[in-house]
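*Asks:* First the structure, which I've put down as structure tokens, then a few questions once you've had a look.
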Amino acid sequence: MWQRNQTSLADFILEGLFDDSLAQRFLFILIMVVFLIAVSGNTLTILLICADPQLHTPMYFLLSQHSLMDLMHVSTTIPKMATNYLSGKKSITFVGCATQHFFYLSLGGAECLLLALMSYDRYAAICHPLHYTVLMNRKVGLMMAAISWLGASINSLIHTVILMHFHFCGPQNIRHFYCEFPALVKLVCEDITVYETTVFISSVLLILLPIFVVSIFYAFILHSVIQMRSAGSKRNAFATCSSHLTVVSLSFGACIFSYMRPRSKRTPLQDKVAPVFYSIITPTLNPLIYTLQNKDVAKALRRVLGRDITRRQQLWFP
């Protein structure tokens, strides 16, 4: 029993994405550049929403929560990958692996739940504009954020505790650059058929159910838009929803491709590349999408920059 516990609690080896070739070094630099863009973009979005009073609405509060999730998501995996690559070490402790697994799983689940709840905000704004302040107020926004964070964290904690209590066979080499669930499951020496069934049910609740919720709300939105007589109103409605729909498509599409494909359809290369898109590329694109397609965010950015320039001019030329 002691020997088994010692084996299970041994360090894991993260094989990573890179070797020592020149092409892989270029790929590492590229990923780090994308990581810095993701951190900068999401941090800027959060600070912008906090700084501009006109963005202090439930919609933009939820957007700031989404950016916080993306910021934490990339920070959970990429710094460790970079540290291992630069130091030449590939190990991660058992506790470190469990912590990383918990955070990436909870943040991914929270993002799925939040995107589904954000579709209700768009539904209330377009289908019930006169009652929007009643249907979507500060209390409702806080409740949505709490449901997303708490629900996903509880789900992730349960799965992490169960998974880490299984016996892992050596060598404990994880064929990935972080402690991802499918890569960890391959190291388990026990029969986990029942556990895999619970994971599938959990995936349905956190991925397919939110997609269904988003589809229902957007069906109502589409029905309301079709009934609008003004072409300008229709364009405004579509412009209001375009950013959210684009982010939903990217996030859920990457989720489904990464975690809901049957084993027979998976290849080792796809198992490595797909999570890269989900955990790095999507958090990088999200703030760019909201900034480029959302006029309110773009105007707020110009206002904040304008105030900063004016303040500097007053300091230089009193």
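We name chains A, B, ... following the order of the structure tokens; residues begin at 1 in each chain, and ligands are numbered from 1 as shown.
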Compile the contact shell of range 127-137 of chain A as a PyMOL selection string: residues with an atom at most 9 Å away, counting only C-alpha atoms, same-chain residues fewer than 3 positions apart removed.
*Replies:* chain A and resi 57-59+120-124+140-142+220-221+223-225
*Asks:* Find the residues around Leu209 in chain A up to 12 Å (only C-alpha atoms counted), leave out those fewer than 6 positions away in its own chain, and share them as a PyMOL selection string.
*Replies:* chain A and resi 109+112-113+115-117+201-203+215-216+252
*Asks:* In Å, how far is it from CA of Gln100 in chain A to CA of Gly41 in chain A?
*Replies:*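 So the answer is 22.6 Å.
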*Asks:* Just asking: which residues within range 125-248 of chain A are alpha helix (DSSP H) according to DSSP, as a PyMOL selection string?
*Replies:* chain A and resi 125-127+132-135+138-164+181-185+193-203+209-227+231-248
*Asks:* Pick out the residues sitting within 9 Å of Ala300 in chain A, and hand them over as number ranges by chain; count only C-alpha atoms, and ignore anything fewer than 2 positions along from it in its own chain.
*Replies:* A: 48-49, 51-52, 54-55, 295-298, 302-305
*Asks:* With only C-alpha atoms as the basis for distance, which of A:Leu114, A:Arg229, A:Ile147, A:Val185 is at the shortest distance from Val214 in chain A?
*Replies:*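 The answer is A:Leu114, which sits nearest to Val214 in chain A.
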*Asks:* Closest to Met72 in chain A among A:Thr291, A:Ser91, A:Thr43, A:Ser119, using only C-alpha atoms?
*Replies:*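 Using only C-alpha atoms, Met72 in chain A sits closest to A:Thr43.
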*Asks:* When you count only C-alpha atoms, which of these residues is closest to Leu285 in chain A: A:Ala219, A:Leu14, A:Leu71, A:Met164?
*Replies:*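 Once distances to Leu285 in chain A are computed over only C-alpha atoms, the minimum belongs to A:Leu71.
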*Asks:* Here is a test: counting only C-alpha atoms, which residue of A:Tyr60, A:Tyr178, A:Phe12, A:Tyr290 is nearest to Phe94 in chain A?
*Replies:*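 Closest residue, counting only C-alpha atoms: A:Phe12.
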*Asks:* Find the residue from A:Leu63, A:Thr77, A:Val188, A:Arg138 that sits nearest to Asn286 in chain A; use only C-alpha atoms when measuring.
*Replies:* A:Leu63
*Asks:* So which one's closest to Arg235 in chain A, A:Val33, A:Ile126, A:His73, A:Gly108? Using only C-alpha atoms, please.
*Replies:* A:Ile126
*Asks:* So how far away is CA of Arg175 in chain A from CA of Leu68 in chain A, in Å?
*Replies:* 28.1 Å
*Asks:* Calculate how many Å separate CA of Gln65 in chain A from CA of Ile289 in chain A, rounding to one decimal.
*Replies:* 15.6 Å
